[in-house]
$ cat work.txt   # compact mmCIF, C-alpha atoms
# COMPACT_ATOMS: atom_id res chain seq x y z
CA MET A 1 38.85 83.38 228.76
CA MET A 2 35.83 84.58 226.82
CA THR A 3 36.07 87.49 224.40
CA CYS A 4 33.54 90.34 224.36
CA GLU A 5 32.25 89.23 220.95
CA LEU A 6 31.63 85.66 222.13
CA ALA A 7 30.12 86.87 225.41
CA ARG A 8 27.65 89.17 223.61
CA ASP A 9 26.77 86.32 221.29
CA ARG A 10 25.91 84.12 224.29
CA LEU A 11 23.97 86.77 226.27
CA PRO A 12 20.44 86.04 224.88
CA LEU A 13 20.77 82.32 225.62
CA ALA A 14 22.16 83.01 229.09
CA LEU A 15 19.00 84.99 229.88
CA THR A 16 16.79 82.01 229.13
CA GLY A 17 19.07 79.51 230.86
CA ASP A 18 19.95 77.74 227.63
CA LEU A 19 23.73 77.81 228.09
CA SER A 20 25.68 74.87 229.39
CA SER A 21 27.06 75.21 232.94
CA GLY A 22 30.62 75.57 231.58
CA GLU A 23 29.63 78.37 229.22
CA THR A 24 27.63 80.10 231.96
CA GLU A 25 30.66 80.08 234.26
CA LEU A 26 32.90 81.52 231.54
CA LEU A 27 30.30 84.17 230.71
CA ASN A 28 29.84 85.17 234.35
CA ALA A 29 33.60 85.45 234.76
CA HIS A 30 33.73 87.70 231.73
CA LEU A 31 30.82 89.85 232.90
CA GLU A 32 32.52 90.45 236.25
CA GLN A 33 35.44 91.99 234.44
CA CYS A 34 33.73 93.77 231.53
CA PRO A 35 31.39 96.68 232.39
CA GLU A 36 30.32 97.18 228.74
CA CYS A 37 29.16 93.58 228.39
CA ARG A 38 27.44 93.88 231.80
CA ARG A 39 25.57 96.91 230.50
CA LYS A 40 24.53 95.04 227.34
CA SER A 41 23.41 92.08 229.42
CA ALA A 42 21.29 94.35 231.63
CA ALA A 43 19.78 96.02 228.55
CA LEU A 44 18.82 92.66 227.01
CA GLU A 45 17.37 91.50 230.32
CA THR A 46 15.24 94.68 230.40
CA VAL A 47 13.93 93.91 226.91
CA ARG A 48 13.17 90.33 227.89
CA ARG A 49 11.26 91.50 230.97
CA ALA A 50 9.42 94.09 228.89
CA LEU A 51 8.15 91.31 226.61
CA ASP A 52 6.05 90.08 229.53
CA ASP A 53 4.45 93.48 229.87
CA VAL A 54 1.58 92.67 227.55
CA SER A 55 -1.98 91.54 228.08
CA PHE A 56 -3.67 88.63 226.38
CA PRO A 57 -7.31 88.28 225.37
CA GLU A 58 -9.45 85.72 227.18
CA VAL A 59 -10.56 83.15 224.64
CA VAL A 60 -13.04 80.36 225.33
CA VAL A 61 -13.21 77.68 222.67
CA ASP A 62 -16.73 76.55 221.77
CA VAL A 63 -16.45 72.74 221.81
CA PRO A 64 -19.92 71.98 220.32
CA ARG A 65 -19.01 74.26 217.39
CA ILE A 66 -15.92 72.09 216.82
CA TYR A 67 -18.13 68.99 216.55
CA VAL A 68 -20.42 70.78 214.08
CA GLY A 69 -17.40 71.95 212.06
CA ALA A 70 -15.96 68.43 212.04
CA ALA A 71 -19.27 66.98 210.81
CA GLU A 72 -19.43 69.58 208.01
CA HIS A 73 -15.84 68.80 207.07
CA HIS A 74 -16.61 65.08 206.81
CA GLN A 75 -19.64 65.78 204.62
CA ARG A 76 -17.56 67.96 202.33
CA SER A 77 -14.81 65.38 201.97
CA LEU A 78 -17.40 62.66 201.34
CA ARG A 79 -18.92 64.75 198.54
CA THR A 80 -15.48 65.31 197.02
CA TRP A 81 -14.68 61.58 197.09
CA ARG A 82 -18.04 60.78 195.52
CA ARG A 83 -17.40 63.26 192.69
CA LEU A 84 -13.94 61.82 192.13
CA ALA A 85 -15.36 58.29 192.04
CA PHE A 86 -17.97 59.31 189.44
CA ALA A 87 -15.32 61.03 187.34
CA GLY A 88 -13.10 57.94 187.57
CA MET A 89 -15.96 55.67 186.57
CA ALA A 90 -16.78 57.91 183.58
CA VAL A 91 -13.16 57.82 182.42
CA ALA A 92 -13.01 54.04 182.86
CA ALA A 93 -16.27 53.60 180.92
CA SER A 94 -14.97 55.80 178.07
CA LEU A 95 -11.75 53.81 177.98
CA LEU A 96 -13.63 50.52 177.93
CA LEU A 97 -15.88 51.78 175.14
CA PHE A 98 -12.86 52.83 173.13
CA LEU A 99 -11.18 49.47 173.63
CA LEU A 100 -14.33 47.60 172.66
CA SER A 101 -14.60 49.69 169.51
CA ARG A 102 -11.08 48.71 168.55
CA LEU A 103 -11.42 45.02 169.31
CA ASP A 104 -12.79 42.54 166.82
CA PHE A 105 -14.50 39.37 168.06
CA GLU A 106 -15.12 36.35 165.94
CA VAL A 107 -16.74 33.03 166.82
CA GLY A 108 -16.67 30.09 164.49
CA ASN A 109 -15.04 26.77 163.70
CA GLY A 110 -14.90 26.01 167.45
CA GLN A 111 -12.81 29.12 168.07
CA PHE A 112 -13.30 32.46 169.79
CA VAL A 113 -10.94 34.99 168.25
CA VAL A 114 -10.22 38.42 169.71
CA GLN A 115 -8.31 40.73 167.42
CA TRP A 116 -6.99 44.28 167.77
CA GLY A 117 -7.74 46.70 164.94
CA PRO A 118 -9.47 46.03 161.62
CA ARG A 119 -9.49 42.57 160.23
CA PRO A 120 -6.71 42.02 157.65
CA ALA A 121 -7.74 41.20 154.15
CA PRO A 122 -7.77 37.45 153.45
CA VAL A 123 -4.64 36.16 151.86
CA VAL A 124 -5.41 35.04 148.36
CA LYS A 125 -3.19 32.42 146.98
CA PRO A 126 -1.88 33.61 143.67
CA PRO A 127 -2.88 31.47 140.74
CA ASP A 128 -0.29 29.43 139.07
CA ARG A 129 -0.58 31.23 135.83
CA GLU A 130 0.44 34.80 135.49
CA VAL A 131 -2.48 37.23 135.75
CA THR A 132 -2.70 40.98 135.83
CA ILE A 133 -3.58 42.37 139.29
CA PRO A 134 -6.68 44.56 139.18
CA PRO A 135 -6.35 48.03 140.76
CA VAL A 136 -7.66 48.46 144.29
CA VAL A 137 -11.02 50.20 144.20
CA ALA A 138 -11.47 51.08 147.87
CA ALA A 139 -9.79 50.09 151.09
CA PRO A 140 -12.13 47.73 152.95
CA ALA A 141 -10.40 48.66 156.19
CA ASN A 142 -11.62 52.29 155.89
CA ARG A 143 -15.21 51.17 155.31
CA ASP A 144 -14.96 48.92 158.30
CA LEU A 145 -13.66 51.77 160.45
CA GLU A 146 -16.44 54.10 159.30
CA GLU A 147 -19.01 51.47 160.14
CA ARG A 148 -17.52 51.10 163.60
CA VAL A 149 -17.52 54.85 164.18
CA GLU A 150 -21.15 54.92 163.04
CA ILE A 151 -22.02 52.13 165.48
CA LEU A 152 -20.13 53.88 168.24
CA SER A 153 -21.95 57.18 167.60
CA LYS A 154 -25.27 55.36 167.68
CA LEU A 155 -24.23 53.68 170.90
CA VAL A 156 -23.28 57.02 172.50
CA ARG A 157 -26.58 58.56 171.34
CA ALA A 158 -28.45 55.58 172.73
CA PHE A 159 -26.63 55.96 176.06
CA SER A 160 -27.40 59.66 176.11
CA ASP A 161 -31.10 59.02 175.36
CA ASP A 162 -31.17 56.35 178.03
CA ILE A 163 -29.64 58.72 180.60
CA ASP A 164 -32.15 61.44 179.64
CA ALA A 165 -35.03 58.99 179.92
CA ARG A 166 -33.82 57.81 183.34
CA ASP A 167 -33.39 61.41 184.44
CA ARG A 168 -36.94 62.26 183.36
CA GLN A 169 -38.20 59.14 185.10
CA ARG A 170 -36.42 60.12 188.34
CA GLN A 171 -37.82 63.65 188.10
CA ASP A 172 -41.33 62.26 187.62
CA GLU A 173 -40.82 59.97 190.62
CA ILE A 174 -39.57 62.87 192.75
CA ALA A 175 -42.53 65.01 191.65
CA ALA A 176 -44.89 62.14 192.57
CA VAL A 177 -43.28 61.79 196.00
CA VAL A 178 -43.48 65.56 196.57
CA ALA A 179 -47.16 65.54 195.57
CA ARG A 180 -47.79 62.61 197.90
CA VAL A 181 -46.02 64.37 200.77
CA GLU A 182 -48.05 67.50 200.04
CA ARG A 183 -51.30 65.44 200.11
CA LEU A 184 -50.27 63.81 203.37
CA ARG A 185 -49.46 67.23 204.82
CA THR A 186 -52.86 68.57 203.78
CA GLN A 187 -54.58 65.50 205.23
CA THR A 188 -52.63 65.84 208.46
CA SER A 189 -53.51 69.53 208.71
CA GLU A 190 -57.19 68.71 208.17
CA ARG A 191 -57.04 65.97 210.78
CA LEU A 192 -55.32 68.28 213.20
CA ALA A 193 -57.99 70.92 212.64
CA GLU A 194 -60.71 68.28 213.19
CA ASN A 195 -58.99 67.09 216.36
CA ARG A 196 -58.77 70.65 217.61
CA ARG A 197 -62.48 71.16 216.89
CA ASP A 198 -63.34 67.91 218.67
CA LEU A 199 -61.12 68.81 221.59
CA GLY A 200 -62.75 72.25 221.80
CA ALA A 201 -66.17 70.69 221.72
CA LEU A 202 -65.20 68.15 224.40
CA TYR A 203 -63.72 70.92 226.53
CA ASN A 204 -66.90 72.96 226.19
CA VAL A 205 -69.03 69.94 227.05
CA GLN A 206 -66.89 69.02 230.03
CA PHE A 207 -66.25 72.44 231.55
CA GLY A 208 -69.46 74.04 230.27
CA LYS A 209 -71.37 71.56 232.42
CA ARG A 210 -69.29 72.40 235.49
CA ASP A 211 -69.88 76.14 235.02
CA MET B 1 2.17 68.10 230.71
CA GLY B 2 2.30 64.55 231.96
CA ASP B 3 -1.31 63.49 231.61
CA ASP B 4 -1.86 65.05 228.19
CA ALA B 5 -0.90 61.71 226.66
CA GLU B 6 -3.48 59.94 228.84
CA LEU B 7 -6.18 62.44 227.87
CA VAL B 8 -5.31 62.03 224.19
CA ARG B 9 -5.40 58.24 224.53
CA ARG B 10 -8.87 58.41 226.12
CA TRP B 11 -10.04 60.86 223.49
CA GLN B 12 -8.73 58.68 220.63
CA ASN B 13 -10.69 55.83 222.18
CA GLY B 14 -13.86 57.87 221.89
CA ASP B 15 -14.14 59.77 225.18
CA PRO B 16 -15.41 63.31 224.32
CA ALA B 17 -14.86 64.51 227.90
CA ALA B 18 -11.11 63.96 227.43
CA PHE B 19 -11.13 66.20 224.37
CA GLU B 20 -13.00 68.89 226.26
CA ALA B 21 -10.44 68.67 229.07
CA LEU B 22 -7.62 69.12 226.56
CA VAL B 23 -9.37 72.14 225.05
CA ARG B 24 -9.90 73.74 228.46
CA ARG B 25 -6.27 73.12 229.39
CA TRP B 26 -4.72 74.40 226.17
CA GLN B 27 -7.08 77.12 224.95
CA ARG B 28 -5.30 79.85 226.91
CA PRO B 29 -1.73 78.98 225.84
CA VAL B 30 -2.87 78.65 222.23
CA ALA B 31 -4.67 82.01 222.39
CA ARG B 32 -1.51 83.61 223.83
CA PHE B 33 0.58 82.06 221.08
CA LEU B 34 -1.79 83.26 218.34
CA THR B 35 -1.98 86.75 219.84
CA ARG B 36 1.81 87.05 219.87
CA MET B 37 2.09 85.63 216.37
CA ILE B 38 -0.58 87.58 214.51
CA GLY B 39 -1.03 90.53 216.84
CA PRO B 40 -3.98 91.39 219.08
CA SER B 41 -6.65 91.30 216.37
CA GLY B 42 -10.24 90.11 216.40
CA LEU B 43 -9.10 87.05 214.47
CA VAL B 44 -7.62 85.32 217.52
CA PRO B 45 -10.83 83.67 218.86
CA ASP B 46 -11.73 82.32 215.40
CA LEU B 47 -8.20 81.07 214.79
CA CYS B 48 -8.15 79.44 218.21
CA GLN B 49 -11.40 77.69 217.34
CA GLU B 50 -9.88 76.60 214.03
CA VAL B 51 -6.77 75.19 215.76
CA PHE B 52 -8.87 72.91 217.94
CA LEU B 53 -11.06 71.95 214.98
CA ARG B 54 -7.91 70.85 213.14
CA VAL B 55 -6.74 69.01 216.26
CA HIS B 56 -10.07 67.18 216.32
CA LEU B 57 -9.98 66.35 212.61
CA HIS B 58 -6.40 65.07 212.69
CA ARG B 59 -6.56 63.26 216.05
CA HIS B 60 -5.60 59.93 214.49
CA ARG B 61 -2.34 61.40 213.21
CA TYR B 62 -1.10 62.12 216.72
CA ARG B 63 1.37 59.55 217.97
CA ALA B 64 1.70 58.99 221.69
CA GLN B 65 5.52 59.04 221.48
CA GLY B 66 5.49 62.76 220.69
CA CYS B 67 4.73 65.61 223.03
CA PHE B 68 1.11 66.80 222.70
CA SER B 69 2.07 70.47 223.07
CA THR B 70 4.59 70.20 220.20
CA TRP B 71 1.92 68.64 217.98
CA LEU B 72 -0.62 71.28 219.03
CA TYR B 73 1.77 74.15 218.34
CA SER B 74 2.69 72.67 214.97
CA ILE B 75 -1.00 72.85 214.02
CA ALA B 76 -1.29 76.40 215.38
CA LEU B 77 1.89 77.41 213.57
CA ASN B 78 0.66 76.05 210.25
CA LEU B 79 -2.54 78.02 210.72
CA VAL B 80 -0.56 81.18 211.48
CA ARG B 81 1.53 80.65 208.33
CA ASP B 82 -1.62 80.08 206.25
CA THR B 83 -3.16 83.23 207.68
CA ALA B 84 0.01 85.23 207.06
CA ARG B 85 0.11 83.96 203.48
CA ARG B 86 -3.54 84.83 202.90
CA SER B 87 -3.24 88.30 204.33
CA ALA B 88 0.16 88.74 202.59
CA ARG B 89 1.55 90.07 205.79
CA SER B 90 5.08 91.01 204.86
CA TYR B 91 8.13 92.03 206.73
CA VAL B 92 8.16 95.73 207.43
CA ALA B 93 11.61 97.30 207.27
CA LEU B 94 13.17 98.79 210.35
CA PRO B 95 12.31 102.44 210.82
CA GLU B 96 15.08 104.96 210.43
CA GLU B 97 17.31 105.24 213.46
CA GLY B 98 17.01 108.55 215.23
CA PRO B 99 15.28 110.34 218.07
CA ALA B 100 11.91 108.88 218.92
CA ALA B 101 8.85 110.84 217.88
CA ASN B 102 6.92 109.94 221.00
CA GLY B 103 8.60 108.85 224.18
CA PRO B 104 6.92 107.05 227.05
CA PRO B 105 4.32 109.11 228.91
CA ALA B 106 4.62 109.86 232.60
CA ASP B 107 1.57 108.04 233.87
CA CYS B 108 2.47 104.47 234.86
CA ALA B 109 -0.67 102.62 233.72
CA TRP B 110 -0.71 104.52 230.48
CA GLU B 111 2.99 103.84 230.12
CA ARG B 112 2.49 100.10 230.46
CA ARG B 113 -0.24 100.21 227.86
CA GLU B 114 1.99 102.16 225.52
CA LEU B 115 4.79 99.67 226.09
CA GLY B 116 2.43 96.79 225.36
CA GLU B 117 1.44 98.44 222.09
CA ALA B 118 5.10 99.08 221.22
CA ILE B 119 5.84 95.39 221.80
CA ASP B 120 2.92 94.44 219.53
CA VAL B 121 4.27 96.70 216.80
CA ALA B 122 7.83 95.43 217.26
CA LEU B 123 6.71 91.80 217.13
CA ASP B 124 4.66 92.58 214.06
CA ARG B 125 7.75 93.99 212.36
CA LEU B 126 9.85 90.98 213.23
CA PRO B 127 10.25 88.53 210.29
CA LEU B 128 8.11 85.41 210.74
CA PRO B 129 10.99 82.92 211.37
CA LEU B 130 12.39 85.15 214.14
CA ARG B 131 8.94 85.81 215.60
CA GLU B 132 8.21 82.06 215.71
CA VAL B 133 11.35 81.31 217.71
CA LEU B 134 10.93 84.25 220.07
CA VAL B 135 7.28 83.50 220.80
CA LEU B 136 7.74 79.76 221.21
CA ARG B 137 10.74 80.15 223.53
CA HIS B 138 9.75 83.20 225.52
CA TYR B 139 5.96 83.04 225.72
CA GLN B 140 5.30 79.32 225.31
CA SER B 141 8.46 78.15 227.12
CA LEU B 142 9.21 75.46 224.57
CA SER B 143 12.74 74.07 224.71
CA PHE B 144 14.98 74.48 221.66
CA GLU B 145 14.91 70.69 221.20
CA ASP B 146 11.08 70.67 221.07
CA MET B 147 11.18 73.63 218.73
CA ALA B 148 13.64 71.80 216.49
CA ARG B 149 11.16 68.91 216.19
CA LEU B 150 8.29 71.31 215.63
CA LEU B 151 9.95 73.53 213.02
CA GLY B 152 12.20 70.93 211.42
CA THR B 153 15.23 73.18 211.96
CA PRO B 154 18.39 72.31 213.94
CA ALA B 155 18.35 73.55 217.55
CA SER B 156 21.65 75.39 217.01
CA THR B 157 20.06 77.44 214.19
CA LEU B 158 17.08 78.21 216.39
CA LYS B 159 19.36 79.40 219.19
CA SER B 160 21.05 81.79 216.78
CA ARG B 161 17.65 82.97 215.56
CA PHE B 162 16.50 83.55 219.13
CA ALA B 163 19.56 85.71 219.84
CA VAL B 164 18.98 87.69 216.64
CA ALA B 165 15.28 88.07 217.46
CA LEU B 166 15.95 89.43 220.94
CA ARG B 167 18.49 91.94 219.62
CA ARG B 168 16.14 92.94 216.80
CA MET B 169 13.39 93.51 219.37
CA GLN B 170 15.76 95.72 221.31
CA GLN B 171 16.49 97.76 218.17
CA LEU B 172 12.83 98.00 217.23
CA LEU B 173 11.77 99.08 220.71
CA THR B 174 14.53 101.70 220.76
CA ALA B 175 13.34 102.96 217.39
CA LEU B 176 9.80 103.15 218.78
CA GLY B 177 10.97 105.31 221.67
CA TRP B 178 11.60 102.57 224.20
CA GLY B 179 15.34 102.60 224.70
CA GLU B 180 17.26 101.25 227.68
CA GLU B 181 16.44 104.20 229.93
CA GLU B 182 12.71 104.21 229.18
CA LEU B 183 12.47 100.44 229.72
CA SER B 184 14.37 100.61 233.00
CA THR B 185 12.12 103.25 234.52

$ encode --input "work.txt" --output "structure tokens"
Amino acid sequence: MMTCELARDRLPLALTGDLSSGETELLNAHLEQCPECRRKSAALETVRRALDDVSFPEVVVDVPRIYVGAAEHHQRSLRTWRRLAFAGMAVAASLLLFLLSRLDFEVGNGQFVVQWGPRPAPVVKPPDREVTIPPVVAAPANRDLEERVEILSKLVRAFSDDIDARDRQRQDEIAAVVARVERLRTQTSERLAENRRDLGALYNVQFGKRD
Amino acid sequence: MGDDAELVRRWQNGDPAAFEALVRRWQRPVARFLTRMIGPSGLVPDLCQEVFLRVHLHRHRYRAQGCFSTWLYSIALNLVRDTARRSARSYVALPEEGPAANGPPADCAWERRELGEAIDVALDRLPLPLREVLVLRHYQSLSFEDMARLLGTPASTLKSRFAVALRRMQQLLTALGWGEEELST
């Protein structure tokens, strides 16, 4: 036997036919006996029916606009990927430059030596007799590092100048192409005007004779 | 629908006519869904267009094993959630219980229009999770199992939510002047 609480809990699902057959039978048996639950069931059914009492706007989807939107979306994503690729390449180039600045290459005696960091000072075999060690004047490693930084700065400046020069060159090329297109446009306009004049003259000759 | 899968297969193989057929078949249900979810605003046609644009863009993600309508509604639902987030549409508390300020008018056509507006307001005041379940079950006739796949929530939870949503609608309509008696007439 179903209680009122359980029956009222099941009412919304009974309205949409989402109760199992066993539960529906139990609920119906309860509703036959309980006027209050019957009233609640009727009230919920009224609400459910009222939900259908609404109008909907007529919407027609513009399919060609979807294709245009999709094309624009692809272009945008392509641009994003291109930017990311350029950024990645710039980071990789910087990293490579940094690594190259830290590596030391040496060729000689039939050997190719790659070494990380500044070259260590050569080991000097101490003389047999006891000598006083002179004080260190300057660390050769620091000088070496400064030289490398100097070279690196020059390299970066050279790269920058090279990029500027290429940029200017491209701009000059674009300006030349624009000028050429402009010339061609002017020539085409002139030719068109000539053609029109010729056509007018021909028309006059042809139809002037007939008249 | 049985041949949705066939239309999608043809469309994925590059047949634009199949996509157009899918749009023509589903534009009305999607528009109904959006109208119930965001209210009858001027946004519905644009959102409907956006749903089918997303469907077109993500066509390769659709797997034939799944139901097309479930996939379509998942896209529409995400769009509704995005829109709700953007417009910061928040849950409006229930109005104070008490006698209604304006009861239903006598004229029948006018009455139906008023009732329609009251339902719009009540749906608008329903929290989004309850509104989703109510709209998908009642207006879009999705089964609780399909909804469970769509929303990633157990069907039993959705059934409870549906019951709560229907009762909350009843309370809201009563508060708006549409009690049992007014609805029955």

$ closest_residue --input "work.txt" --among "B:Phe162, B:Phe52, B:Trp178, B:Tyr62" --to "Val30 (chain B)" --atoms "all atoms listed in the file"
B:Phe52

$ atom_distance --input "work.txt" --atom1 "CA of Leu126 (chain B)" --atom2 "CA of Leu44 (chain A)"
16.5 Å

$ atom_distance --input "work.txt" --atom1 "CA of Gly117 (chain A)" --atom2 "CA of Arg102 (chain A)"
5.3 Å

$ atom_distance --input "work.txt" --atom1 "CA of Leu99 (chain A)" --atom2 "CA of Trp116 (chain A)"
8.9 Å

$ interface_residues --input "work.txt" --of "chain B" --to "chain A" --cutoff "6 Å" --atoms "all atoms listed in the file" --output "list in words"
Pro45, Gln49, Leu53, Gly116, Ala163 and Glu180 of chain B

$ residues_near_point --input "work.txt" --point "(-11.1, 66.3, 226.6)" --cutoff "10 Å" --atoms "only C-alpha atoms" --output "PyMOL selection string"
(chain A and resi 63) or (chain B and resi 4+7-8+10-12+15-25)

$ write_last_selection --input "work.txt" --atoms "C-alpha atoms" --output "mmCIF file, in the coordinates of the input"
data_model
loop_
_atom_site.group_PDB
_atom_site.id
_atom_site.type_symbol
_atom_site.label_atom_id
_atom_site.label_comp_id
_atom_site.auth_asym_id
_atom_site.auth_seq_id
_atom_site.Cartn_x
_atom_site.Cartn_y
_atom_site.Cartn_z
ATOM 1 C CA VAL A 63 -16.450 72.740 221.810
ATOM 2 C CA ASP B 4 -1.860 65.050 228.190
ATOM 3 C CA LEU B 7 -6.180 62.440 227.870
ATOM 4 C CA VAL B 8 -5.310 62.030 224.190
ATOM 5 C CA ARG B 10 -8.870 58.410 226.120
ATOM 6 C CA TRP B 11 -10.040 60.860 223.490
ATOM 7 C CA GLN B 12 -8.730 58.680 220.630
ATOM 8 C CA ASP B 15 -14.140 59.770 225.180
ATOM 9 C CA PRO B 16 -15.410 63.310 224.320
ATOM 10 C CA ALA B 17 -14.860 64.510 227.900
ATOM 11 C CA ALA B 18 -11.110 63.960 227.430
ATOM 12 C CA PHE B 19 -11.130 66.200 224.370
ATOM 13 C CA GLU B 20 -13.000 68.890 226.260
ATOM 14 C CA ALA B 21 -10.440 68.670 229.070
ATOM 15 C CA LEU B 22 -7.620 69.120 226.560
ATOM 16 C CA VAL B 23 -9.370 72.140 225.050
ATOM 17 C CA ARG B 24 -9.900 73.740 228.460
ATOM 18 C CA ARG B 25 -6.270 73.120 229.390
#

$ closest_residue --input "work.txt" --among "B:Asn78, B:Ser41, B:Ser160, B:Asn13" --to "Arg59 (chain B)" --atoms "all atoms listed in the file"
B:Asn13

$ closest_residue --input "work.txt" --among "B:Gly39, B:Pro29, B:Gly66, B:Gly179" --to "Val80 (chain B)" --atoms "only C-alpha atoms"
B:Gly39

$ residues_around --input "work.txt" --residues "Phe68 (chain B)" --least-positions-apart "3" --cutoff "7 Å" --atoms "only C-alpha atoms" --output "PyMOL selection string"
chain B and resi 4-5+71-72
